[in-house]
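Source file: upload-v9.txt. Holds: compact mmCIF, C-alpha atoms and all ligand atoms.
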# COMPACT_ATOMS: atom_id res chain seq x y z
CA MET A 196 51.24 -23.12 -52.56
CA ILE A 197 51.43 -23.52 -48.81
CA SER A 198 49.00 -21.83 -46.40
CA VAL A 199 49.79 -18.79 -44.27
CA GLU A 200 49.77 -20.99 -41.14
CA GLU A 201 52.23 -23.48 -42.62
CA ALA A 202 54.47 -20.65 -43.87
CA ARG A 203 54.41 -19.05 -40.44
CA ALA A 204 55.46 -22.30 -38.78
CA ARG A 205 58.35 -22.66 -41.23
CA VAL A 206 59.46 -19.06 -40.67
CA LEU A 207 59.36 -19.45 -36.88
CA ALA A 208 61.46 -22.60 -37.19
CA LEU A 209 64.25 -20.38 -38.54
CA ALA A 210 64.69 -18.70 -35.12
CA ARG A 211 67.74 -19.78 -33.16
CA SER A 212 67.81 -19.57 -29.34
CA PRO A 213 68.11 -16.05 -27.98
CA GLN A 214 71.58 -14.87 -26.99
CA PRO A 215 71.86 -13.49 -23.43
CA GLU A 216 73.12 -9.98 -22.74
CA GLN A 217 73.37 -8.00 -19.48
CA VAL A 218 71.85 -4.53 -19.46
CA ALA A 219 71.30 -1.87 -16.85
CA LEU A 220 67.69 -1.54 -15.72
CA TYR A 221 67.26 1.89 -17.31
CA ASP A 222 68.35 0.51 -20.70
CA ALA A 223 66.02 -2.49 -20.54
CA LEU A 224 62.87 -0.72 -21.79
CA GLY A 225 61.44 -2.71 -24.72
CA ARG A 226 63.89 -5.58 -24.20
CA ALA A 227 62.96 -9.24 -23.68
CA MET A 228 64.03 -10.77 -20.38
CA ILE A 229 65.30 -14.33 -20.80
CA ALA A 230 66.30 -15.14 -17.22
CA PRO A 231 64.12 -14.50 -14.16
CA ALA A 232 65.03 -11.70 -11.75
CA ALA A 233 64.65 -12.47 -8.04
CA ALA A 234 63.49 -9.80 -5.59
CA ARG A 235 66.34 -8.87 -3.27
CA LEU A 236 63.96 -7.65 -0.57
CA THR A 237 60.36 -7.80 0.62
CA GLN A 238 57.97 -5.01 -0.35
CA PRO A 239 56.65 -3.27 1.65
CA PRO A 240 59.51 -4.16 4.01
CA PHE A 241 57.27 -3.35 7.02
CA ASP A 242 53.58 -2.71 7.75
CA ALA A 243 53.20 0.77 6.28
CA SER A 244 50.61 3.48 6.74
CA ALA A 245 48.49 4.11 3.65
CA MET A 246 47.24 7.50 4.93
CA ASP A 247 48.25 10.63 6.76
CA GLY A 248 46.55 10.40 10.17
CA TYR A 249 46.92 8.54 13.48
CA ALA A 250 48.06 4.99 14.23
CA LEU A 251 46.06 3.47 17.08
CA ARG A 252 44.36 0.39 18.52
CA SER A 253 40.86 -0.41 17.26
CA ALA A 254 39.96 -1.61 20.78
CA ASP A 255 40.53 1.95 22.12
CA LEU A 256 38.00 3.56 19.79
CA PRO A 257 36.37 6.06 19.83
CA GLY A 258 38.90 7.52 22.29
CA PRO A 259 39.90 9.92 23.61
CA LEU A 260 43.53 8.84 22.99
CA THR A 261 46.81 10.51 23.90
CA VAL A 262 49.18 11.31 21.05
CA ILE A 263 52.63 10.20 22.21
CA GLY A 264 54.82 10.48 19.15
CA THR A 265 55.25 10.78 15.39
CA ALA A 266 56.25 8.47 12.52
CA ALA A 267 57.03 9.73 9.04
CA ALA A 268 58.20 7.96 5.87
CA GLY A 269 61.86 7.20 6.50
CA VAL A 270 61.64 8.20 10.19
CA PRO A 271 60.04 5.37 12.21
CA TYR A 272 58.57 5.79 15.70
CA GLN A 273 60.83 3.89 18.14
CA GLY A 274 58.88 4.11 21.43
CA GLU A 275 56.30 1.98 23.26
CA THR A 276 52.64 1.78 22.23
CA PRO A 277 50.59 1.45 25.42
CA ALA A 278 46.80 1.13 25.42
CA GLY A 279 44.94 4.45 25.13
CA THR A 280 47.63 6.03 22.97
CA ALA A 281 48.09 6.93 19.32
CA ILE A 282 50.90 8.39 17.23
CA ARG A 283 50.77 10.95 14.49
CA ILE A 284 51.67 9.04 11.31
CA PHE A 285 52.23 9.91 7.67
CA THR A 286 51.79 7.91 4.47
CA GLY A 287 54.60 5.40 3.97
CA ALA A 288 55.74 5.39 7.59
CA PRO A 289 56.09 2.07 9.47
CA VAL A 290 53.11 1.31 11.71
CA PRO A 291 54.56 0.42 15.11
CA ALA A 292 53.75 -2.99 16.58
CA GLY A 293 50.77 -2.71 18.90
CA TYR A 294 48.72 -0.43 16.68
CA ASP A 295 46.37 -2.15 14.24
CA ARG A 296 44.78 0.72 12.37
CA VAL A 297 45.43 4.15 10.90
CA ALA A 298 42.60 6.69 11.15
CA MET A 299 42.90 9.28 8.40
CA GLN A 300 43.26 12.77 9.79
CA GLU A 301 40.05 14.02 8.15
CA ILE A 302 37.91 11.93 10.56
CA VAL A 303 39.93 12.74 13.69
CA THR A 304 39.14 15.56 16.15
CA ARG A 305 42.27 16.82 17.87
CA ASP A 306 42.56 19.02 20.94
CA GLY A 307 46.17 19.46 22.12
CA ASP A 308 47.58 15.91 22.46
CA ARG A 309 44.10 14.35 22.76
CA ILE A 310 42.22 12.88 19.80
CA THR A 311 38.78 11.37 19.39
CA ILE A 312 37.46 9.44 16.40
CA PRO A 313 33.67 9.38 16.63
CA GLU A 314 33.15 7.26 13.52
CA VAL A 315 35.83 5.04 11.95
CA GLY A 316 35.44 3.32 8.59
CA SER A 317 36.12 -0.34 7.88
CA ASN A 318 39.47 0.28 6.20
CA LEU A 319 42.52 -0.28 8.42
CA ASN A 320 44.69 1.84 6.08
CA ILE A 321 47.72 -0.38 6.60
CA ARG A 322 49.73 -1.88 3.75
CA ARG A 323 50.91 -5.22 5.10
CA LYS A 324 54.55 -6.21 4.93
CA GLY A 325 55.16 -8.27 1.75
CA ASN A 326 51.71 -7.61 0.26
CA ASP A 327 53.36 -6.59 -3.04
CA PHE A 328 56.15 -9.19 -3.20
CA THR A 329 58.52 -11.06 -0.92
CA LYS A 330 62.27 -11.54 -1.06
CA GLY A 331 63.20 -14.22 -3.61
CA SER A 332 60.02 -13.83 -5.72
CA GLU A 333 60.93 -14.37 -9.37
CA PHE A 334 59.74 -12.18 -12.23
CA LEU A 335 59.98 -13.14 -15.91
CA PRO A 336 57.42 -11.33 -18.09
CA GLN A 337 56.61 -12.71 -21.53
CA HIS A 338 56.47 -9.33 -23.25
CA PRO A 339 58.96 -6.58 -24.07
CA LEU A 340 59.68 -4.70 -20.85
CA ARG A 341 57.36 -1.78 -20.17
CA PRO A 342 57.84 1.11 -17.76
CA ALA A 343 55.67 -0.71 -15.20
CA ASP A 344 57.99 -3.74 -15.38
CA LEU A 345 61.03 -1.51 -14.87
CA ALA A 346 59.34 0.05 -11.84
CA LEU A 347 58.72 -3.38 -10.33
CA LEU A 348 62.29 -4.50 -11.01
CA ALA A 349 63.61 -1.29 -9.46
CA ALA A 350 61.48 -1.90 -6.35
CA MET A 351 62.89 -5.45 -6.30
CA ASN A 352 66.33 -3.78 -6.16
CA VAL A 353 67.50 -5.43 -9.39
CA PRO A 354 69.89 -3.03 -11.13
CA GLN A 355 70.95 -5.38 -13.99
CA LEU A 356 68.97 -7.79 -16.14
CA THR A 357 69.61 -10.66 -18.52
CA VAL A 358 67.83 -9.87 -21.78
CA ALA A 359 67.96 -11.28 -25.29
CA ARG A 360 70.54 -9.61 -27.47
CA ARG A 361 68.70 -7.55 -30.09
CA PRO A 362 68.55 -9.60 -33.31
CA ARG A 363 70.63 -7.87 -36.00
CA ILE A 364 68.72 -7.42 -39.21
CA ALA A 365 70.15 -6.41 -42.59
CA VAL A 366 67.59 -4.74 -44.86
CA LEU A 367 68.41 -5.12 -48.53
CA ALA A 368 66.19 -3.21 -50.97
CA GLY A 369 66.91 -3.19 -54.65
CA GLY A 370 65.68 -2.16 -58.06
CA ASP A 371 67.02 0.05 -60.87
CA GLU A 372 64.01 2.34 -60.46
CA LEU A 373 64.79 3.23 -56.86
CA VAL A 374 66.56 6.29 -55.49
CA PRO A 375 67.02 7.21 -51.83
CA VAL A 376 64.62 9.58 -50.08
CA GLY A 377 65.73 13.19 -50.44
CA THR A 378 67.10 12.80 -53.98
CA GLU A 379 65.43 13.96 -57.22
CA PRO A 380 64.13 10.96 -59.21
CA ALA A 381 64.98 10.88 -62.93
CA PRO A 382 62.20 9.84 -65.38
CA GLY A 383 61.08 6.30 -64.58
CA GLN A 384 62.51 6.38 -61.08
CA ILE A 385 60.69 6.37 -57.73
CA ILE A 386 61.73 6.91 -54.15
CA CYS A 387 62.69 3.86 -52.14
CA SER A 388 60.26 3.67 -49.22
CA ASN A 389 60.34 0.01 -48.31
CA ASP A 390 63.69 -0.10 -46.57
CA ILE A 391 62.63 2.58 -44.08
CA ALA A 392 59.34 0.79 -43.48
CA ILE A 393 60.85 -2.65 -43.01
CA ALA A 394 63.66 -1.37 -40.80
CA GLY A 395 60.98 0.42 -38.75
CA LEU A 396 58.95 -2.76 -38.34
CA ALA A 397 62.11 -4.65 -37.40
CA ARG A 398 63.01 -2.08 -34.75
CA GLU A 399 59.43 -2.03 -33.49
CA ALA A 400 59.76 -5.79 -32.85
CA GLY A 401 63.02 -5.32 -30.93
CA ALA A 402 65.68 -5.74 -33.62
CA GLU A 403 68.64 -3.58 -34.53
CA ALA A 404 68.27 -2.80 -38.23
CA THR A 405 70.93 -1.86 -40.75
CA ILE A 406 69.81 -0.57 -44.13
CA LEU A 407 72.30 -1.66 -46.82
CA PRO A 408 73.00 0.53 -49.85
CA LEU A 409 70.34 0.09 -52.55
CA ALA A 410 71.12 -2.80 -54.90
CA ARG A 411 70.86 -2.56 -58.69
CA ASP A 412 69.04 -5.18 -60.74
CA THR A 413 72.20 -7.16 -61.46
CA GLU A 414 73.45 -10.38 -59.99
CA GLU A 415 76.76 -8.73 -59.25
CA SER A 416 75.18 -5.92 -57.25
CA LEU A 417 73.02 -8.35 -55.29
CA ARG A 418 76.00 -10.63 -54.56
CA ASP A 419 77.86 -7.62 -53.21
CA ARG A 420 74.94 -6.74 -50.92
CA PHE A 421 74.57 -10.31 -49.68
CA ALA A 422 78.28 -10.26 -48.83
CA LYS A 423 77.68 -7.10 -46.79
CA ALA A 424 74.82 -8.85 -44.99
CA GLU A 425 76.97 -11.75 -43.84
CA GLY A 426 76.97 -12.29 -40.10
CA PHE A 427 73.54 -10.71 -39.52
CA ASP A 428 70.94 -12.82 -37.72
CA LEU A 429 68.38 -12.12 -40.41
CA ILE A 430 68.69 -10.83 -43.96
CA VAL A 431 65.50 -9.26 -45.31
CA THR A 432 65.45 -8.55 -49.02
CA ILE A 433 62.74 -6.42 -50.59
CA GLY A 434 61.61 -6.73 -54.20
CA GLY A 435 62.85 -8.89 -57.04
CA ALA A 436 60.88 -11.80 -55.60
CA SER A 437 58.47 -12.37 -58.46
CA VAL A 438 58.82 -13.96 -61.87
CA GLY A 439 60.02 -11.10 -64.12
CA ASP A 440 63.38 -10.96 -65.90
CA HIS A 441 64.63 -8.49 -63.29
CA ASP A 442 63.48 -10.54 -60.31
CA LEU A 443 66.83 -11.99 -59.31
CA ILE A 444 66.62 -12.61 -55.58
CA ALA A 445 65.74 -16.31 -55.76
CA LYS A 446 68.47 -16.93 -58.33
CA VAL A 447 71.22 -15.07 -56.48
CA ALA A 448 70.23 -16.37 -53.04
CA GLY A 449 70.14 -19.89 -54.53
CA SER A 450 73.63 -19.50 -55.98
CA LEU A 451 74.86 -18.44 -52.53
CA GLY A 452 73.57 -21.70 -51.05
CA MET A 453 70.22 -20.56 -49.67
CA GLU A 454 68.31 -23.43 -48.07
CA ARG A 455 64.74 -22.63 -48.92
CA ALA A 456 61.97 -23.11 -46.35
CA PHE A 457 59.37 -22.08 -48.95
CA TYR A 458 58.80 -19.79 -51.90
CA LYS A 459 55.26 -18.48 -52.54
CA LEU A 460 52.25 -18.94 -50.33
CA ALA A 461 48.48 -18.65 -50.59
CA MET A 462 48.28 -15.12 -49.30
CA ARG A 463 47.15 -11.78 -50.66
CA PRO A 464 49.06 -9.52 -50.78
CA GLY A 465 52.42 -11.22 -50.45
CA LYS A 466 52.23 -14.30 -52.67
CA PRO A 467 55.92 -14.22 -53.76
CA LEU A 468 57.31 -14.28 -50.21
CA MET A 469 60.35 -16.51 -49.76
CA ALA A 470 62.05 -17.76 -46.60
CA GLY A 471 65.03 -19.86 -45.65
CA ARG A 472 68.61 -19.73 -44.49
CA ILE A 473 71.84 -18.47 -45.99
CA GLY A 474 74.82 -19.68 -44.00
CA ALA A 475 74.26 -18.69 -40.38
CA SER A 476 71.58 -16.12 -41.23
CA ALA A 477 67.85 -16.58 -41.57
CA MET A 478 66.51 -14.96 -44.71
CA LEU A 479 63.17 -13.51 -45.75
CA GLY A 480 62.60 -12.34 -49.31
CA LEU A 481 59.73 -9.86 -49.22
CA PRO A 482 57.78 -8.87 -52.32
CA GLY A 483 58.52 -5.40 -53.64
CA ASN A 484 55.04 -3.90 -53.67
CA PRO A 485 55.20 -1.63 -50.61
CA VAL A 486 52.00 -2.84 -48.98
CA SER A 487 52.84 -6.49 -49.66
CA ALA A 488 56.28 -5.99 -48.15
CA MET A 489 54.84 -4.45 -45.00
CA VAL A 490 52.03 -6.96 -44.58
CA CYS A 491 54.55 -9.82 -44.96
CA ALA A 492 56.87 -8.12 -42.48
CA LYS A 493 54.03 -7.75 -40.00
CA LEU A 494 52.93 -11.37 -40.40
CA PHE A 495 56.29 -13.12 -40.70
CA MET A 496 59.29 -10.88 -40.01
CA GLN A 497 58.06 -9.40 -36.74
CA PRO A 498 57.02 -12.80 -35.30
CA LEU A 499 60.43 -14.21 -36.30
CA ILE A 500 62.23 -11.31 -34.61
CA ARG A 501 60.15 -11.80 -31.48
CA ALA A 502 60.83 -15.55 -31.50
CA MET A 503 64.56 -14.78 -31.81
CA GLN A 504 64.22 -12.93 -28.49
CA GLY A 505 62.29 -15.76 -26.82
CA LEU A 506 59.02 -13.78 -26.96
CA PRO A 507 55.60 -15.09 -28.04
CA PRO A 508 55.57 -14.49 -31.81
CA GLY A 509 52.13 -12.91 -32.20
CA PRO A 510 50.28 -11.11 -33.52
CA GLU A 511 47.07 -12.74 -32.32
CA PRO A 512 43.92 -11.91 -34.31
CA LEU A 513 41.11 -10.02 -32.58
CA GLN A 514 37.39 -10.00 -33.34
CA ALA A 515 35.35 -7.18 -34.84
CA VAL A 516 31.90 -6.71 -36.36
CA LEU A 517 31.83 -6.28 -40.11
CA GLY A 518 30.64 -2.85 -41.24
CA ARG A 519 29.62 -3.79 -44.79
CA ASP A 520 28.86 -6.81 -47.01
CA LEU A 521 31.80 -8.62 -48.62
CA ASN A 522 31.97 -10.77 -51.77
CA PRO A 523 33.26 -14.36 -51.63
CA GLU A 524 37.02 -14.65 -51.27
CA GLY A 525 39.47 -16.26 -53.72
CA ASP A 526 42.00 -19.01 -53.13
CA ARG A 527 44.45 -16.97 -51.04
CA GLN A 528 44.09 -15.77 -47.45
CA HIS A 529 43.42 -12.06 -47.81
CA TYR A 530 44.59 -9.24 -45.53
CA LEU A 531 42.60 -6.08 -46.25
CA ARG A 532 43.48 -2.63 -45.04
CA ALA A 533 40.59 -1.47 -42.91
CA ARG A 534 39.42 1.13 -40.49
CA LEU A 535 38.08 0.43 -37.01
CA ALA A 536 35.32 2.36 -35.27
CA PRO A 537 33.97 1.91 -31.75
CA GLY A 538 31.08 -0.58 -31.56
CA GLU A 539 28.69 -1.82 -28.88
CA THR A 540 30.45 -5.00 -27.80
CA ARG A 541 33.28 -5.15 -30.35
CA PRO A 542 34.79 -2.59 -32.69
CA ARG A 543 33.23 -2.20 -36.11
CA ILE A 544 35.53 -2.83 -39.05
CA GLU A 545 35.25 -1.64 -42.62
CA PRO A 546 37.79 -2.53 -45.31
CA PHE A 547 38.75 0.13 -47.86
CA PRO A 548 37.18 -0.49 -51.29
CA ASP A 549 40.59 -0.15 -53.00
CA GLN A 550 43.23 -2.65 -51.89
CA ASP A 551 45.92 -1.85 -54.49
CA SER A 552 49.12 -3.15 -52.88
CA ALA A 553 51.13 -0.14 -54.05
CA ARG A 554 49.00 2.46 -52.22
CA LEU A 555 50.85 3.48 -49.11
CA TRP A 556 48.41 6.27 -48.28
CA LEU A 557 45.72 3.69 -47.63
CA LEU A 558 48.08 1.74 -45.40
CA ALA A 559 48.95 4.84 -43.41
CA GLU A 560 45.22 5.52 -42.95
CA ALA A 561 44.38 1.95 -41.97
CA ASP A 562 44.34 0.88 -38.37
CA ALA A 563 43.69 -2.80 -38.97
CA LEU A 564 44.15 -5.68 -41.39
CA LEU A 565 40.88 -7.54 -41.82
CA ILE A 566 41.58 -11.26 -42.31
CA ARG A 567 39.65 -13.37 -44.79
CA PRO A 568 40.55 -17.05 -45.07
CA ALA A 569 40.95 -18.54 -48.55
CA HIS A 570 37.53 -19.43 -50.04
CA ASP A 571 35.70 -17.48 -47.35
CA PRO A 572 32.04 -17.27 -48.48
CA ALA A 573 30.21 -13.94 -48.95
CA ARG A 574 29.82 -12.09 -45.66
CA LYS A 575 27.10 -9.78 -44.40
CA ALA A 576 27.44 -6.59 -42.43
CA GLY A 577 27.01 -7.41 -38.72
CA GLU A 578 28.88 -10.73 -38.87
CA ARG A 579 31.92 -11.34 -36.71
CA ILE A 580 35.30 -11.25 -38.43
CA SER A 581 38.98 -11.45 -37.42
CA TYR A 582 41.51 -8.68 -37.75
CA LEU A 583 45.01 -7.69 -36.74
CA PRO A 584 45.48 -4.24 -35.27
CA LEU A 585 48.10 -2.09 -37.00
N1 LIG B 601 53.63 -12.01 -64.07
C1 LIG B 601 53.53 -11.76 -62.77
N2 LIG B 601 53.84 -10.53 -62.32
C2 LIG B 601 53.71 -10.28 -61.02
C3 LIG B 601 53.26 -11.26 -60.14
C4 LIG B 601 52.96 -12.54 -60.63
O1 LIG B 601 52.57 -13.46 -59.88
N3 LIG B 601 53.13 -12.74 -61.96
N4 LIG B 601 53.09 -10.95 -58.82
C5 LIG B 601 52.83 -9.58 -58.54
C6 LIG B 601 52.84 -9.41 -57.13
S1 LIG B 601 51.55 -10.06 -56.29
C7 LIG B 601 53.81 -8.69 -56.51
S2 LIG B 601 53.70 -8.40 -54.82
C8 LIG B 601 54.94 -8.16 -57.19
C9 LIG B 601 56.20 -8.51 -56.39
O2 LIG B 601 57.25 -8.51 -57.21
P1 LIG B 601 58.74 -8.30 -56.77
O3 LIG B 601 58.97 -8.78 -55.41
O4 LIG B 601 59.55 -8.88 -57.83
O5 LIG B 601 58.85 -6.73 -56.70
P2 LIG B 601 59.43 -5.70 -57.75
O6 LIG B 601 59.03 -6.13 -59.09
O7 LIG B 601 60.84 -5.52 -57.46
O8 LIG B 601 58.61 -4.45 -57.31
C10 LIG B 601 57.21 -4.41 -57.32
C11 LIG B 601 56.76 -2.96 -57.19
O9 LIG B 601 57.19 -2.43 -55.96
C12 LIG B 601 58.05 -1.28 -56.15
N5 LIG B 601 59.14 -1.37 -55.19
C13 LIG B 601 60.05 -2.33 -55.10
N6 LIG B 601 60.93 -2.08 -54.12
C14 LIG B 601 60.58 -0.89 -53.61
C15 LIG B 601 61.11 -0.09 -52.58
N7 LIG B 601 62.20 -0.46 -51.88
N8 LIG B 601 60.50 1.08 -52.28
C16 LIG B 601 59.38 1.46 -52.97
N9 LIG B 601 58.83 0.72 -53.96
C17 LIG B 601 59.42 -0.42 -54.28
C18 LIG B 601 58.57 -1.44 -57.56
O10 LIG B 601 58.95 -0.23 -58.10
C19 LIG B 601 57.38 -2.06 -58.25
O11 LIG B 601 56.44 -1.08 -58.61
O12 LIG B 601 55.03 -8.64 -58.51
C20 LIG B 601 53.79 -8.62 -59.22
N10 LIG B 601 54.03 -9.03 -60.55
O1 LIG B 602 51.06 -10.46 -53.48
MO1 LIG B 602 51.35 -9.03 -54.28
O2 LIG B 602 52.15 -9.10 -52.85
O3 LIG B 602 49.58 -9.23 -54.16
O4 LIG B 602 50.87 -7.40 -54.23
Starting from the file, give its structure as structure tokens.
Ligand SMILES: Nc1nc2c(c(=O)[nH]1)N[C@H]1C(S)=C(S)[C@@H](COP(=O)(O)OP(=O)(O)OC[C@H]3O[C@@H](n4cnc5c(N)ncnc54)[C@H](O)[C@@H]3O)O[C@H]1N2
Ligand code: MOO
Amino acid sequence: MISVEEARARVLALARSPQPEQVALYDALGRAMIAPAAARLTQPPFDASAMDGYALRSADLPGPLTVIGTAAAGVPYQGETPAGTAIRIFTGAPVPAGYDRVAMQEIVTRDGDRITIPEVGSNLNIRRKGNDFTKGSEFLPQHPLRPADLALLAAMNVPQLTVARRPRIAVLAGGDELVPVGTEPAPGQIICSNDIAIAGLAREAGAEATILPLARDTEESLRDRFAKAEGFDLIVTIGGASVGDHDLIAKVAGSLGMERAFYKLAMRPGKPLMAGRIGASAMLGLPGNPVSAMVCAKLFMQPLIRAMQGLPPGPEPLQAVLGRDLNPEGDRQHYLRARLAPGETRPRIEPFPDQDSARLWLLAEADALLIRPAHDPARKAGERISYLPL
């Protein structure tokens, strides 16, 4: 069986180059920019006052000075600025040439049109022209766009962006025991939860997810669903990946010409993961156990979706301090649901004692996956250990 690292490299190799799409700035939240945006102006476009107060010459201090005019945001002062004068100025207004400082009004004594400033601080209270960015500066963040990025792009006067088209993901869950959420299960049946979870993880990573109708445990039903998935960038199947008589995904995908990148890896949970290509689509075959499906999606599907948008694949492990002793690990890299608590230098992490890969409650309560490499020796509380935040 191949390692998690090798499997990850093979999954990422399935990503084709991102497809460009133009979107309006407002609609670009969470999207991945794939072409730089150039600032269409300089910001601030002029030396601007950072305070409400008086613009003046430092050389004239402490005054008295004659107030000869006013400048407000959007309404510049147009007159001369002779020595011994000041203007009333408000935050955001252009500081007229000649004045080199703004004294905030709290430290100014005013009597009619005369002001004195007995004690001035060191701060000039002027935002220099171009101190944020200059015309032509290029911006290309390597993360999904956040509100702060949109604010910057707006200030750059960029109304339209080139982003990666959202990868289109088909989610194909199947099993004779499964019925959709909201229906009454007959004896032996359970509610299908994986498709919602996997579609959610796909959307979280920037994809557009389509949940296909539940497949039955027959080759015919699966063939029909694969036909419906044609044309999607990525087909994600859930369940039927293991070795039982009803585990038909490998067989059906094989008969449809799947080129396999791998099947099975040294990972726990998630051993029966499969990956490859069917026609123009990448394919991931996730194991059916709900926790295994989600851990595999977190480790392989989300990075693939991010790579398809030209983003760093992630997730990068972080470091925590182990909260309790752990026994030696087996021959598969183990991802344990765990809880984080604040610690002195790093968070403290404690894995749940029960790691049954069908228990969704424990996944919903976990805020991290503690990572143990294959054959990791016994570990003591207080040691450093890697984890992925959930
Ligand atoms: N003899 C062996 N049996 C199993 C092995 C093995 O190596 N040898 N591996 C086990 C491991 S590990 C896993 S993980 C599972 C994965 O098997 P499948 O991918 O074939 O999954 P299913 O059998 O279809 O389902 C497993 C389990 O999950 C439930 N399930 C499936 N799909 C959904 C869904 N959409 N929503 C909610 N729950 C779902 C299903 O009812 C089963 O209980 O195989 C082990 N067996
Ligand atoms: O690998 Mo299964 O995915 O351990 O539960």
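In this structure, atom C9 of ligand LIG 601 (chain B) sits 12.5 Å away from atom CA of A:Met462.
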All residues having an atom within 12 Å of ligand LIG 602 (chain B) (only C-alpha atoms and all ligand atoms) as a PyMOL selection string: chain A and resi 433-438+459-469+480-492+527-531+550-554
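Look at A:Leu513: the protein and nucleic acid residues within 12 Å of it, using all atoms listed in the file and passing over chain neighbours fewer than 4 places away, are Gly509, Leu535, Arg541, Pro542, Arg543, Ile544, Ala563, Leu564, Leu565, Ile566, Arg579, Ile580, Ser581, Tyr582, Leu583, Pro584 and Leu585 of chain A.
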Exercise: A:Gly307 partners within 12 Å, all atoms listed in the file, chain neighbours under 5 positions left out, as a ChimeraX atom specification: /A:259-263
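Atom CA of A:Ala281 lies 9.7 Å from atom CA of A:Gly258.
The smallest atom-to-atom distance between ligand LIG 601 (chain B) and any of A:Phe547, A:Phe495, A:Tyr272, A:Tyr458, using all atoms listed in the file, is found for A:Tyr458.
Note that atom CA of A:Asp526 and atom CA of A:Lys575 are 19.6 Å apart.
Counting all atoms listed in the file, A:Gly325 has the following residues at most 8 Å away, ignoring those fewer than 4 positions along the same chain: Thr237, Gln238, Pro239, Pro240, Phe241 and Thr329 of chain A.
Among the candidates A:Gly471, A:Pro375, A:Gly293, A:Gly452, the one nearest to A:Ala202 when counting only C-alpha atoms is A:Gly471.
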Residues near A:Leu409, cut-off 9 Å, only C-alpha atoms, skip fewer than 6 positions along chain, as an NGL selection string: :A and (367-371 or 373-375 or 387 or 390 or 420)
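Counting only C-alpha atoms, the residue from A:Ile312, A:Ala268, A:Leu207, A:Ala445 that sits nearest to A:Tyr249 is A:Ile312.
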